[in-house]
Amino acid sequence: MKASNKIILTVFIALPLFWQTGMASTPKVRPGILEEAEWGPVPTFGATPVAVTFDQYIEMVMLRNHGMAAEMMRNPIARAEIEAAKVLPDPELAFEGADDLYSIELGYTIEFGRKRGARINYARTFAQMEKFEVEIFAAELRLTAAEAYIEALAQREMLEVARSSYDYMIQLSRSDSLRHLAGEITLNEARQSSLEAKTLLGEVYRQEGTYLASLAVLGYFTGISADTLLLPAGEVETHIAESPLPALIGIGLQNRIENELAIHSVELARRELALAKSERKPDVDVFIGYERDWKGFYRSREMLKGGVTIPLKFSAINKGSVRAAKFAVEQERRQEMNVQAGIETEIVQAYHLYHASLNNYEHYLSGIMDQARQVLDGIVYSYMAGETDVLEVLVAQRTYNETREQFIESKKDVQTAAVNLLYACGHL
């Protein structure tokens, strides 16, 4: 393996600070795991919660994932195949008897064309390719597991949005009940805010289920049993080389295991061609024997004998297997170029997607969240002053929630794009 180039620029995606309502009187709906100010923890249904950082999580995936353990068995199997390729032809022992004539023969097959060496070289190249296959599976597993961790972080923040929205609306509903008793608003307006609060509570329950489902995926990747629930702790830090695109392409071609695998696939095809050529060489069987003729008590005749069996390889006239092996070599050469082109395309796509998602994320950091909050506060102030109706408050609340959710999605997108760019460059 070639040494990987080190990464230069550090991109840290911080946890957004959502608006807190600070309404301590909101009732706890049901108990659970995350110790939050307004809510009890999310229900775990008997599972033990364990908080893990991103680095700890990836380490657990590499050590405990069942699919990874199965893939690792490729290496000892390939090493065993190398040992099997070293085997020599077995000698043959023959015994024959008829009436008083008995004979015994010992034979052995002599291989020509260096067949044994060709088999060993083929098995060694195949074993190296199996090693690359395992490394490719590990890189893809890290990518998929990282995306699952990022998804769990996003679902946790979506749950925070749903909870804080309900907290806000339930307080508004209680305020509207008092205002209705005071004659400031109609009964229908009070009912409207109460209905919205109940609807948002249903969203909280739905989002709790989505969040718990995303945590179950983390358990699958880490091989954790269902009685343990992994909770993402902290944020995902991604380190990306701030280099020109051509430089990233060069780094990717140097570091990606798929490129090494394609190169060794060509070598394996050459080994198979050499093996096909060696199989065309005839094998010679030699034997030595002893024969004895018994008549009565004393033997009357005995002799030593030997011989050679040389096959007439008329089948060698047909060179179809050799031509097929030559075409396979050319096919693997073209496949190598195709793999390299695919790697370049992946890097270009990941590069543009990362910068586009980063621009979108920074766009939301430029003050959109504050503006949405100010709009909501202004409409609520007008509503409390009797200048507008409750429907405008509900519309502003939903707009604010949608803005927060879009911000979370933009954060998830930039994290996902970052790990995909790292994978495309062979750094994940």
# chains A, B, ... in the order shown; residues from 1 in each chain; ligands from 1
>>> select_by_dssp(residues="range 136-383 of chain A", states="helix (DSSP H, G or I)", output="PyMOL selection string")
chain A and resi 136-181+187-222+245-255+257-279+314-317+320-364+368-383
>>> closest_atom_pairs(of="range 283-352 of chain A", to="range 109-126 of chain A", cutoff="9 Å", atoms="only C-alpha atoms", output="tab-separated table")
residue	atom	partner	partner_atom	distance
A:Asp283	CA	A:Glu111	CA	4.8
A:Val284	CA	A:Ile110	CA	5.2
A:Asp285	CA	A:Thr109	CA	4.4
A:Val286	CA	A:Thr109	CA	6.4
A:Phe287	CA	A:Thr109	CA	8.8
>>> residues_around(residues="range 59-66 of chain A", least_positions_apart="4", cutoff="12 Å", atoms="only C-alpha atoms", output="number ranges by chain")
A: 52-55, 70-73, 134-135, 137-146, 148-149, 217-225, 230
>>> write_last_selection(atoms="C-alpha atoms", output="mmCIF file, in the first residue's frame")
data_model
loop_
_atom_site.group_PDB
_atom_site.id
_atom_site.type_symbol
_atom_site.label_atom_id
_atom_site.label_comp_id
_atom_site.auth_asym_id
_atom_site.auth_seq_id
_atom_site.Cartn_x
_atom_site.Cartn_y
_atom_site.Cartn_z
ATOM 1 C CA VAL A 52 -20.259 6.931 22.261
ATOM 2 C CA THR A 53 -18.242 9.517 20.367
ATOM 3 C CA PHE A 54 -17.783 9.209 16.617
ATOM 4 C CA ASP A 55 -14.248 7.817 16.919
ATOM 5 C CA ALA A 70 -17.087 -12.623 7.898
ATOM 6 C CA GLU A 71 -15.050 -10.697 5.326
ATOM 7 C CA MET A 72 -11.893 -11.139 7.402
ATOM 8 C CA MET A 73 -12.189 -14.895 6.851
ATOM 9 C CA VAL A 134 -11.330 -6.935 2.657
ATOM 10 C CA GLU A 135 -9.863 -3.431 2.786
ATOM 11 C CA PHE A 137 -15.245 -3.702 2.345
ATOM 12 C CA ALA A 138 -13.834 -2.047 5.485
ATOM 13 C CA ALA A 139 -13.726 1.384 3.787
ATOM 14 C CA GLU A 140 -17.281 1.020 2.501
ATOM 15 C CA LEU A 141 -18.399 -0.149 5.944
ATOM 16 C CA ARG A 142 -16.817 2.900 7.599
ATOM 17 C CA LEU A 143 -18.585 5.168 5.078
ATOM 18 C CA THR A 144 -21.996 3.567 5.589
ATOM 19 C CA ALA A 145 -21.561 3.489 9.366
ATOM 20 C CA ALA A 146 -20.499 7.162 9.406
ATOM 21 C CA ALA A 148 -25.755 6.213 9.924
ATOM 22 C CA TYR A 149 -24.107 8.104 12.816
ATOM 23 C CA VAL A 217 -29.009 1.026 13.016
ATOM 24 C CA LEU A 218 -25.974 2.041 15.085
ATOM 25 C CA GLY A 219 -26.435 -1.130 17.108
ATOM 26 C CA TYR A 220 -26.484 -3.206 13.926
ATOM 27 C CA PHE A 221 -23.221 -1.724 12.643
ATOM 28 C CA THR A 222 -21.463 -2.228 15.977
ATOM 29 C CA GLY A 223 -22.814 -5.725 16.589
ATOM 30 C CA ILE A 224 -24.453 -4.602 19.838
ATOM 31 C CA SER A 225 -27.390 -6.635 21.130
ATOM 32 C CA LEU A 230 -25.925 3.507 21.580
#
>>> closest_residue(among="A:Ser193, A:Thr48, A:Asn188, A:Ser410", to="Val393 in chain A", atoms="only C-alpha atoms")
A:Ser193
>>> residues_around(residues="range 246-259 of chain A", least_positions_apart="3", cutoff="7 Å", atoms="only C-alpha atoms", output="tab-separated table (two decimals) with C-alpha atoms, in the first residue's frame")
chain	number	residue	atom	x	y	z
A	2	LYS	CA	1.20	3.46	-0.83
A	4	SER	CA	-1.56	8.28	2.15
A	5	ASN	CA	-1.13	12.03	1.84
A	132	PHE	CA	-7.65	-5.77	-1.04
A	136	ILE	CA	-12.44	-2.18	0.28
A	243	SER	CA	-6.42	21.28	-2.50
A	262	ALA	CA	-7.66	-3.47	-10.59
A	263	ILE	CA	-3.88	-3.58	-11.07
A	339	VAL	CA	-11.88	1.73	-12.52
A	340	GLN	CA	-9.52	4.69	-12.66
A	343	ILE	CA	-12.52	6.92	-9.19
A	344	GLU	CA	-11.90	10.25	-10.91
A	347	ILE	CA	-13.88	12.45	-6.61
A	424	ALA	CA	-13.48	9.12	-2.58
A	425	CYS	CA	-9.94	10.33	-1.84
A	426	GLY	CA	-9.10	7.14	0.07
>>> closest_residue(among="A:Thr309, A:Thr210, A:Asn401, A:Thr228", to="Gly46 in chain A", atoms="only C-alpha atoms")
A:Thr228
>>> closest_residue(among="A:Ile408, A:Leu428, A:Ile82, A:Leu187", to="Met158 in chain A", atoms="only C-alpha atoms")
A:Ile408
>>> atom_distance(atom1="CA of Asp413 in chain A", atom2="CA of Gln349 in chain A")
14.1 Å
>>> closest_residue(among="A:Glu272, A:Glu392, A:Glu151, A:Glu92", to="Val414 in chain A", atoms="only C-alpha atoms")
A:Glu151
>>> closest_atom_pairs(of="range 133-213 of chain A", to="range 40-45 of chain A", cutoff="10 Å", atoms="only C-alpha atoms", output="tab-separated table")
residue	atom	partner	partner_atom	distance
A:Leu159	CA	A:Val42	CA	9.6
A:Tyr205	CA	A:Val42	CA	9.6
A:Glu208	CA	A:Val42	CA	6.8
A:Gly209	CA	A:Val42	CA	9.3
A:Tyr211	CA	A:Val42	CA	9.1
A:Leu212	CA	A:Thr44	CA	8.0
>>> write_last_selection(atoms="N, CA, C and O atoms", output="CSV table (one decimal), in the first residue's frame")
chain,number,residue,atom,x,y,z
A,159,LEU,N,-35.7,15.8,16.9
A,159,LEU,CA,-36.5,15.6,18.0
A,159,LEU,C,-36.5,16.8,19.0
A,159,LEU,O,-37.6,17.1,19.5
A,205,TYR,N,-44.1,12.3,19.3
A,205,TYR,CA,-44.0,10.8,19.4
A,205,TYR,C,-43.5,10.2,18.1
A,205,TYR,O,-42.8,9.2,18.2
A,208,GLU,N,-39.8,10.7,18.0
A,208,GLU,CA,-39.1,9.8,19.0
A,208,GLU,C,-38.9,8.4,18.3
A,208,GLU,O,-37.8,7.8,18.5
A,209,GLY,N,-39.9,7.9,17.7
A,209,GLY,CA,-39.8,6.6,17.0
A,209,GLY,C,-38.7,6.6,15.9
A,209,GLY,O,-37.9,5.6,15.8
A,211,TYR,N,-36.1,8.6,15.8
A,211,TYR,CA,-34.8,8.7,16.4
A,211,TYR,C,-34.4,7.3,17.0
A,211,TYR,O,-33.2,6.9,16.8
A,212,LEU,N,-35.3,6.6,17.6
A,212,LEU,CA,-34.9,5.3,18.2
A,212,LEU,C,-34.6,4.3,17.1
A,212,LEU,O,-33.7,3.5,17.2
>>> residues_around(residues="Ser103 in chain A", least_positions_apart="6", cutoff="10 Å", atoms="only C-alpha atoms", output="list in words")
Ala94, Phe95, Glu96, Gly97, Gly289, Tyr290, Glu291, Arg292, Asp293, Glu302, Met303, Leu304 and Lys305 of chain A
>>> decode(residues="range 370-400 of chain A", atoms="N, CA and C atoms", output="short mmCIF file (atom, residue, chain, number, x, y, z; two decimals), in the first residue's frame")
data_model
loop_
_atom_site.label_atom_id
_atom_site.label_comp_id
_atom_site.auth_asym_id
_atom_site.auth_seq_id
_atom_site.Cartn_x
_atom_site.Cartn_y
_atom_site.Cartn_z
N ASP A 370 -32.04 33.56 12.89
CA ASP A 370 -32.41 34.72 13.71
C ASP A 370 -33.59 35.47 13.10
N GLN A 371 -33.59 35.58 11.77
CA GLN A 371 -34.69 36.28 11.12
C GLN A 371 -36.02 35.55 11.31
N ALA A 372 -35.99 34.21 11.17
CA ALA A 372 -37.22 33.44 11.38
C ALA A 372 -37.71 33.58 12.81
N ARG A 373 -36.79 33.60 13.77
CA ARG A 373 -37.19 33.78 15.17
C ARG A 373 -37.78 35.16 15.41
N GLN A 374 -37.19 36.17 14.80
CA GLN A 374 -37.70 37.53 14.98
C GLN A 374 -39.10 37.68 14.38
N VAL A 375 -39.33 37.02 13.24
CA VAL A 375 -40.66 37.07 12.64
C VAL A 375 -41.68 36.43 13.57
N LEU A 376 -41.34 35.27 14.12
CA LEU A 376 -42.25 34.59 15.03
C LEU A 376 -42.52 35.45 16.27
N ASP A 377 -41.49 36.01 16.88
CA ASP A 377 -41.67 36.83 18.07
C ASP A 377 -42.55 38.05 17.77
N GLY A 378 -42.35 38.64 16.57
CA GLY A 378 -43.14 39.81 16.23
C GLY A 378 -44.62 39.50 16.08
N ILE A 379 -44.92 38.35 15.43
CA ILE A 379 -46.32 37.99 15.25
C ILE A 379 -46.96 37.60 16.57
N VAL A 380 -46.20 36.92 17.44
CA VAL A 380 -46.74 36.57 18.76
C VAL A 380 -47.03 37.83 19.56
N TYR A 381 -46.14 38.80 19.47
CA TYR A 381 -46.35 40.07 20.19
C TYR A 381 -47.64 40.75 19.68
N SER A 382 -47.81 40.75 18.34
CA SER A 382 -49.02 41.36 17.78
C SER A 382 -50.26 40.59 18.21
N TYR A 383 -50.14 39.27 18.28
CA TYR A 383 -51.28 38.45 18.69
C TYR A 383 -51.65 38.73 20.15
N MET A 384 -50.64 38.82 21.01
CA MET A 384 -50.93 39.10 22.42
C MET A 384 -51.51 40.51 22.60
N ALA A 385 -51.20 41.40 21.66
CA ALA A 385 -51.75 42.76 21.74
C ALA A 385 -53.12 42.85 21.06
N GLY A 386 -53.59 41.74 20.51
CA GLY A 386 -54.90 41.72 19.88
C GLY A 386 -54.91 42.28 18.48
N GLU A 387 -53.73 42.42 17.84
CA GLU A 387 -53.64 43.02 16.51
C GLU A 387 -53.75 42.00 15.39
N THR A 388 -53.63 40.73 15.69
CA THR A 388 -53.71 39.69 14.68
C THR A 388 -54.39 38.47 15.29
N ASP A 389 -54.68 37.46 14.46
CA ASP A 389 -55.36 36.28 14.97
C ASP A 389 -54.38 35.13 15.15
N VAL A 390 -54.87 34.03 15.72
CA VAL A 390 -54.01 32.90 16.07
C VAL A 390 -53.49 32.17 14.85
N LEU A 391 -54.20 32.21 13.73
CA LEU A 391 -53.76 31.50 12.53
C LEU A 391 -52.41 32.03 12.03
N GLU A 392 -52.21 33.35 12.14
CA GLU A 392 -50.91 33.90 11.72
C GLU A 392 -49.80 33.43 12.65
N VAL A 393 -50.10 33.25 13.91
CA VAL A 393 -49.10 32.70 14.84
C VAL A 393 -48.74 31.28 14.45
N LEU A 394 -49.75 30.48 14.10
CA LEU A 394 -49.49 29.09 13.73
C LEU A 394 -48.66 29.01 12.46
N VAL A 395 -48.97 29.88 11.49
CA VAL A 395 -48.19 29.90 10.25
C VAL A 395 -46.74 30.28 10.53
N ALA A 396 -46.52 31.29 11.36
CA ALA A 396 -45.17 31.73 11.70
C ALA A 396 -44.42 30.65 12.46
N GLN A 397 -45.12 29.93 13.36
CA GLN A 397 -44.50 28.85 14.12
C GLN A 397 -44.05 27.73 13.19
N ARG A 398 -44.91 27.36 12.24
CA ARG A 398 -44.55 26.30 11.31
C ARG A 398 -43.41 26.73 10.40
N THR A 399 -43.41 27.98 9.97
CA THR A 399 -42.30 28.49 9.14
C THR A 399 -40.99 28.44 9.91
N TYR A 400 -41.05 28.82 11.17
CA TYR A 400 -39.84 28.78 12.00
C TYR A 400 -39.35 27.34 12.16
#
